[in-house]
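This report refers to the structure that appears directly beneath it.
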Amino acid sequence: MGNGARKETDLISSLNSWEGLFANKVNISLDHPPIIRLEGSHKITIENQSKDPKLNWTYTCNIDTTLLKGPKGPLGLIISLDDLKTIQEFHGKLMQIESLISERELAASYVHEIKNPLFSIRGFLQLLEKNFSEKDKHYKYINIIIEELDRIQHMIDDFLSMIRISRTTEENYDYDNPIQKTIQDTINLFKFTFQAKDIECNFDGSKDPLFVSIHKGYLMQIFTNLFQNSIEAMESGKALYIKMKHDEDTVFIEFKDEGVGIKGEDLQNIFNPFFSTKEQGTGLGLYITKNIIESCGGKISAESIYGKGTIFHVELPRKK
Amino acid sequence: MKKYTKILVVDDQKWIRVMLLEALTLSGFISFGAANYNDALELAYREMPDIALVDINIPENSGFKLLPRLKKLKPDVEVVFMSGSSDFGYKEKASLSGAIGFFVKPFDIFELVTFLNGISTTMDLAAKGEGEWEMEHEKKRI
């Protein structure tokens with residue numbers, strides 16, 4: 001403003017002649033002396049009409065004004081401006097997201113129901129299988145059916161976890177556990193598998209408790225996927241090493257296995273959806289893992305020597 | 001004389017229930033099934049099971065609520081939960097609630113049988129001190 005800032009009182013006292021603008025609603029308080037509140041609401045639409053209809057636009061906003069007046073003149077002025085266009089856009093987007101979420105939820109619960117008949121079929125097949133000797137071709141047929149059912153089940157699980165990634169609800173967030181505990185909890189879930197396959201799992205966690213901004217369930221999903229890959233790649237008697245480092249902003253976790261390793265040409269594809277070198281694989285495990293990690297601002301990469309083993313490097317941003 | 005382990009199976013899916021009961025009976029357990037919370041409690045009251053195999057997602061009330069009721073009825077009952085969801089929250093809640101196991105459907109029914117046999121053996125060993133009373137009790141009931 002030209003001659004320095006105008007004083008608020010100047011602005012208010014010069015408003016007397018504008019009072020008509022605030023007269024939509026008048027309230028007089030019962031205080032002594034009484035305070036008069038004048039309110040006005042105005043909708044302003046600016047239209048740009050051009051010869052080219054593509055260049056036409058309209059802009060709408062609401063201006064709400066409140067003027068407080070005492071016996072000696074104006075006391076204060078409140079002007080609020082609502083940008084309707086942005087609000088409308090926001091509402092539209094919100095509705096879109098909501099309908100997407102409910103569609104996803106619906107799909108998830110529907111797909112989830114498939115597991116029930118799958119389970120009874122699988123169970124009865126196992127009971128049937130008992131009646132045949134292992135050499136009987138019927139035994140083999142039943143075995144194939146069970147294996148194929150398990151494949152359907154894996155597809156369902158992967159599909160469901162894909163849906164869950166985009167279903168982050170704040171209420172589920174649990175930042176209280178240091179990442180070391182989450183890793184240890186996941187190792188405990190695999191305890192029996194490690195024992196059964198005679199695989200040694202060495203976890204060397206940093207001494208300081210470290211926190212990251214991801215829901216514990218997702219973290220466990222990441223570690224579960226990596227563990228499963230490593231376990232499937234390893235013969236018995238081998239070992240898995242998990243090491244941690246950190247700097248000010250990032251936690252670095254290294255998963256090193258002594259498995260079969262990944263061939264050079266496959267290594268660049270392992271994070272792509274539907275890529276799998278395993279006969280039973282759906283090719284979604286690492287894709288999902290990468291998605292979770294990246295959705296929270298982290299990174300994952302892999303290096304491998306075919307025949308020797310694989311190392312996955314995971315970087316997760318620390319909770320500030 | 002071996003004491004037969006009694007197992008209560010709670011699942012609202014008929015064929016899952018039938019299949020599990022069949023598998024458990026074939027494996028030498030005495031088993032009976034209920035489709036919902038109320039039936040489960042009624043049956044538990046009548047049969048006093050040693051182990052309850054409970055689906056978390058049964059209608060009316062969550063299977064989680066069944067655990068304290070069963071424990072109140074028979075403090076040494078062991079509860080094994082089942083769920084179609086492998087949600088880690090469920091698994092944690094199950095282990096915190098005092099359940100002894102958690103199976104994610106669909107699972108290998110013979111792995112379940114091995115697990116239940118393990119529980120049953122542990123229970124037998126733990127009950128050895130009062131075993132004779134238990135056996136007398138059993139005889140009368142049968």
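By convention here, the chains of the structure tokens are called A, B, ... in the order presented, each chain's residues are numbered starting at 1, and ligands are numbered starting at 1 in the order presented.
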
Requested in this report: Provide as a ChimeraX atom specification the residues of chain B at most 8 Å from chain A, counting only C-alpha atoms.
Outcome: /B:13,15-16,19-20,23,84-85,87-89,105-109

File dump, residues just selected, all heavy atoms, as a compact mmCIF listing (two decimals), in the first residue's frame:
```txt
# COMPACT_ATOMS: atom_id res chain seq x y z
N GLN B 13 -19.43 -72.25 8.80
CA GLN B 13 -19.49 -72.88 7.48
C GLN B 13 -19.71 -74.38 7.64
O GLN B 13 -18.83 -75.09 8.14
CB GLN B 13 -18.18 -72.63 6.72
CG GLN B 13 -17.91 -71.18 6.42
CD GLN B 13 -18.73 -70.68 5.25
OE1 GLN B 13 -18.89 -71.39 4.26
NE2 GLN B 13 -19.28 -69.49 5.36
N TRP B 15 -19.76 -77.10 5.70
CA TRP B 15 -18.88 -78.14 5.16
C TRP B 15 -17.48 -78.09 5.77
O TRP B 15 -16.79 -79.10 5.83
CB TRP B 15 -18.83 -78.09 3.63
CG TRP B 15 -20.19 -78.43 3.06
CD1 TRP B 15 -20.98 -77.63 2.30
CD2 TRP B 15 -20.93 -79.65 3.28
NE1 TRP B 15 -22.16 -78.26 2.02
CE2 TRP B 15 -22.17 -79.50 2.60
CE3 TRP B 15 -20.68 -80.84 3.96
CZ2 TRP B 15 -23.14 -80.49 2.59
CZ3 TRP B 15 -21.67 -81.83 3.95
CH2 TRP B 15 -22.87 -81.66 3.27
N ILE B 16 -17.09 -76.92 6.22
CA ILE B 16 -15.80 -76.83 6.92
C ILE B 16 -15.92 -77.58 8.25
O ILE B 16 -15.05 -78.35 8.64
CB ILE B 16 -15.38 -75.36 7.15
CG1 ILE B 16 -15.03 -74.71 5.81
CG2 ILE B 16 -14.22 -75.27 8.13
CD1 ILE B 16 -14.58 -73.28 5.91
N MET B 19 -16.08 -81.29 7.64
CA MET B 19 -14.77 -81.80 7.22
C MET B 19 -13.82 -81.89 8.42
O MET B 19 -13.12 -82.90 8.60
CB MET B 19 -14.22 -80.85 6.13
CG MET B 19 -12.86 -81.15 5.59
SD MET B 19 -11.55 -80.34 6.50
CE MET B 19 -11.83 -78.63 6.04
N LEU B 20 -13.82 -80.84 9.24
CA LEU B 20 -12.91 -80.85 10.40
C LEU B 20 -13.31 -81.95 11.40
O LEU B 20 -12.45 -82.66 11.92
CB LEU B 20 -12.92 -79.49 11.10
CG LEU B 20 -12.21 -78.35 10.35
CD1 LEU B 20 -12.47 -77.01 11.01
CD2 LEU B 20 -10.70 -78.62 10.29
N ALA B 23 -12.12 -85.22 10.04
CA ALA B 23 -10.66 -85.38 10.17
C ALA B 23 -10.27 -85.67 11.62
O ALA B 23 -9.41 -86.52 11.89
CB ALA B 23 -9.95 -84.12 9.68
N GLY B 84 -9.91 -66.87 8.29
CA GLY B 84 -9.62 -66.78 6.86
C GLY B 84 -8.65 -65.64 6.60
O GLY B 84 -8.09 -65.53 5.52
N SER B 85 -8.46 -64.80 7.61
CA SER B 85 -7.61 -63.64 7.41
C SER B 85 -6.27 -63.84 8.10
O SER B 85 -6.21 -64.24 9.26
CB SER B 85 -8.29 -62.41 7.98
OG SER B 85 -7.36 -61.39 8.14
N ASP B 87 -4.34 -61.47 8.73
CA ASP B 87 -4.08 -60.16 9.33
C ASP B 87 -3.22 -60.31 10.60
O ASP B 87 -3.56 -61.07 11.50
CB ASP B 87 -5.42 -59.53 9.71
CG ASP B 87 -5.29 -58.05 9.99
OD1 ASP B 87 -4.37 -57.70 10.74
OD2 ASP B 87 -6.10 -57.28 9.46
N PHE B 88 -2.10 -59.58 10.63
CA PHE B 88 -1.19 -59.73 11.77
C PHE B 88 -1.84 -59.26 13.07
O PHE B 88 -1.53 -59.74 14.14
CB PHE B 88 0.11 -58.98 11.53
CG PHE B 88 0.89 -59.55 10.39
CD1 PHE B 88 1.05 -58.82 9.23
CD2 PHE B 88 1.43 -60.82 10.47
CE1 PHE B 88 1.76 -59.34 8.16
CE2 PHE B 88 2.14 -61.34 9.41
CZ PHE B 88 2.30 -60.61 8.25
N GLY B 89 -2.76 -58.31 12.94
CA GLY B 89 -3.48 -57.82 14.11
C GLY B 89 -4.24 -58.95 14.77
O GLY B 89 -4.22 -59.10 15.99
N LYS B 105 -6.87 -70.17 7.44
CA LYS B 105 -7.57 -70.99 6.45
C LYS B 105 -7.19 -70.54 5.05
O LYS B 105 -7.07 -69.33 4.84
CB LYS B 105 -9.08 -70.82 6.60
CG LYS B 105 -9.70 -71.38 7.83
CD LYS B 105 -11.16 -70.97 7.74
CE LYS B 105 -11.98 -71.37 8.91
NZ LYS B 105 -13.35 -70.87 8.75
N PRO B 106 -7.10 -71.40 4.10
CA PRO B 106 -7.16 -72.84 4.23
C PRO B 106 -5.82 -73.39 4.71
O PRO B 106 -4.77 -72.89 4.30
CB PRO B 106 -7.42 -73.31 2.79
CG PRO B 106 -7.30 -72.11 1.90
CD PRO B 106 -6.94 -70.95 2.71
N PHE B 107 -5.85 -74.39 5.57
CA PHE B 107 -4.58 -74.97 6.04
C PHE B 107 -4.60 -76.48 5.87
O PHE B 107 -5.64 -77.07 5.54
CB PHE B 107 -4.33 -74.59 7.50
CG PHE B 107 -5.49 -74.87 8.44
CD1 PHE B 107 -5.69 -76.14 8.95
CD2 PHE B 107 -6.37 -73.87 8.79
CE1 PHE B 107 -6.75 -76.41 9.80
CE2 PHE B 107 -7.45 -74.13 9.66
CZ PHE B 107 -7.64 -75.39 10.15
N ASP B 108 -3.46 -77.09 6.10
CA ASP B 108 -3.31 -78.53 5.98
C ASP B 108 -3.94 -79.17 7.22
O ASP B 108 -3.49 -78.93 8.34
CB ASP B 108 -1.81 -78.85 5.91
CG ASP B 108 -1.55 -80.31 5.63
OD1 ASP B 108 -2.18 -81.16 6.32
OD2 ASP B 108 -0.73 -80.61 4.75
N ILE B 109 -5.00 -79.97 7.02
CA ILE B 109 -5.70 -80.48 8.20
C ILE B 109 -4.85 -81.45 9.02
O ILE B 109 -5.05 -81.60 10.21
CB ILE B 109 -7.06 -81.14 7.85
CG1 ILE B 109 -6.89 -82.19 6.77
CG2 ILE B 109 -8.08 -80.10 7.48
CD1 ILE B 109 -8.15 -83.02 6.56
```

Requested in this report: Give the strand (DSSP E or B) residues of segment 3-136 of chain B, as assigned by DSSP on the backbone, as a list of chain:residue names.
Outcome: B:Lys6, B:Ile7, B:Leu8, B:Val9, B:Val10, B:Ile30, B:Ser31, B:Phe32, B:Gly33, B:Ala34, B:Ile51, B:Ala52, B:Leu53, B:Val54, B:Asp55, B:Glu78, B:Val79, B:Val80, B:Phe81, B:Met82, B:Ser83, B:Gly101, B:Phe102, B:Phe103, B:Val104

**Report entry** segment 143-258 of chain A: residues DSSP assigns to alpha helix (DSSP H), reported as an MDAnalysis selection string
**Finding:** chainID A and resid 143:165 179:189 191:197 216:233

Report task. Excluding Thr25 of chain B and any residue of its chain fewer than 6 positions from it, enumerate the residues within 10 Å of it, using only C-alpha atoms, and give them as a PyMOL selection string. Result -> chain B and resi 6-7+19+31-32

Query raised in the report: What does the distance between atom CA of Glu315 of chain A and atom CA of Phe194 of chain A come to in Å, to one decimal place?
Result: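 Computing the Euclidean distance for atom CA of Glu315 of chain A and atom CA of Phe194 of chain A yields 25.0 Å.
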
Query raised in the report: Using only C-alpha atoms, which residues sit within 8 Å of segment 32-34 of chain A once same-chain residues fewer than 2 positions away are excluded, as a ChimeraX atom specification?
Result: /A:28-30,36,70-71

Selection from above, N, CA and C atoms, as a PDB file, in the first residue's frame, can you write it?
```pdb
ATOM      1  N   ILE A  28     -28.484  -7.734  17.590  1.00  0.00           N
ATOM      2  CA  ILE A  28     -28.107  -6.754  18.614  1.00  0.00           C
ATOM      3  C   ILE A  28     -27.940  -7.511  19.924  1.00  0.00           C
ATOM      4  N   SER A  29     -26.775  -7.406  20.516  1.00  0.00           N
ATOM      5  CA  SER A  29     -26.538  -8.152  21.738  1.00  0.00           C
ATOM      6  C   SER A  29     -27.193  -7.471  22.931  1.00  0.00           C
ATOM      7  N   LEU A  30     -27.375  -8.215  24.011  1.00  0.00           N
ATOM      8  CA  LEU A  30     -28.045  -7.660  25.188  1.00  0.00           C
ATOM      9  C   LEU A  30     -27.063  -6.991  26.149  1.00  0.00           C
ATOM     10  N   ILE A  36     -23.723  -4.303  18.087  1.00  0.00           N
ATOM     11  CA  ILE A  36     -24.531  -4.669  16.916  1.00  0.00           C
ATOM     12  C   ILE A  36     -23.663  -5.487  15.957  1.00  0.00           C
ATOM     13  N   GLY A  70     -20.284  -0.766  17.910  1.00  0.00           N
ATOM     14  CA  GLY A  70     -20.708  -0.300  19.231  1.00  0.00           C
ATOM     15  C   GLY A  70     -21.357   1.068  19.068  1.00  0.00           C
ATOM     16  N   PRO A  71     -21.741   1.697  20.176  1.00  0.00           N
ATOM     17  CA  PRO A  71     -22.393   3.001  20.072  1.00  0.00           C
ATOM     18  C   PRO A  71     -21.489   4.070  19.465  1.00  0.00           C
TER      19      PRO A  71
END
```

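What separates atom CA of Asn202 of chain A from atom CA of Phe223 of chain A is a distance of 13.9 Å.
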
Query - Counting only C-alpha atoms, the option among A:Gln180, A:Asn62, A:Ser276, A:Ser213 closest to Ser295 of chain A - result: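 Of A:Gln180, A:Asn62, A:Ser276, A:Ser213, the one nearest Ser295 of chain A is A:Ser213, counting only C-alpha atoms.
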
Query - For atom CA of Lys14 of chain B and atom CA of Ser95 of chain B, the interatomic separation in Å (one decimal) - result: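 We find that atom CA of Lys14 of chain B and atom CA of Ser95 of chain B lie 26.4 Å from each other.
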
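Every protein, DNA or RNA residue with an atom at most 12 Å from Lys140 of chain A, where only C-alpha atoms count and chain neighbours fewer than 4 positions away do not, is listed here: Leu125, Gln126, Leu128, Glu129, Lys130, Phe132, Ser133, Glu134, Lys135, Asp136, Ile144, Ile145, Ile146 and Glu147 of chain A.
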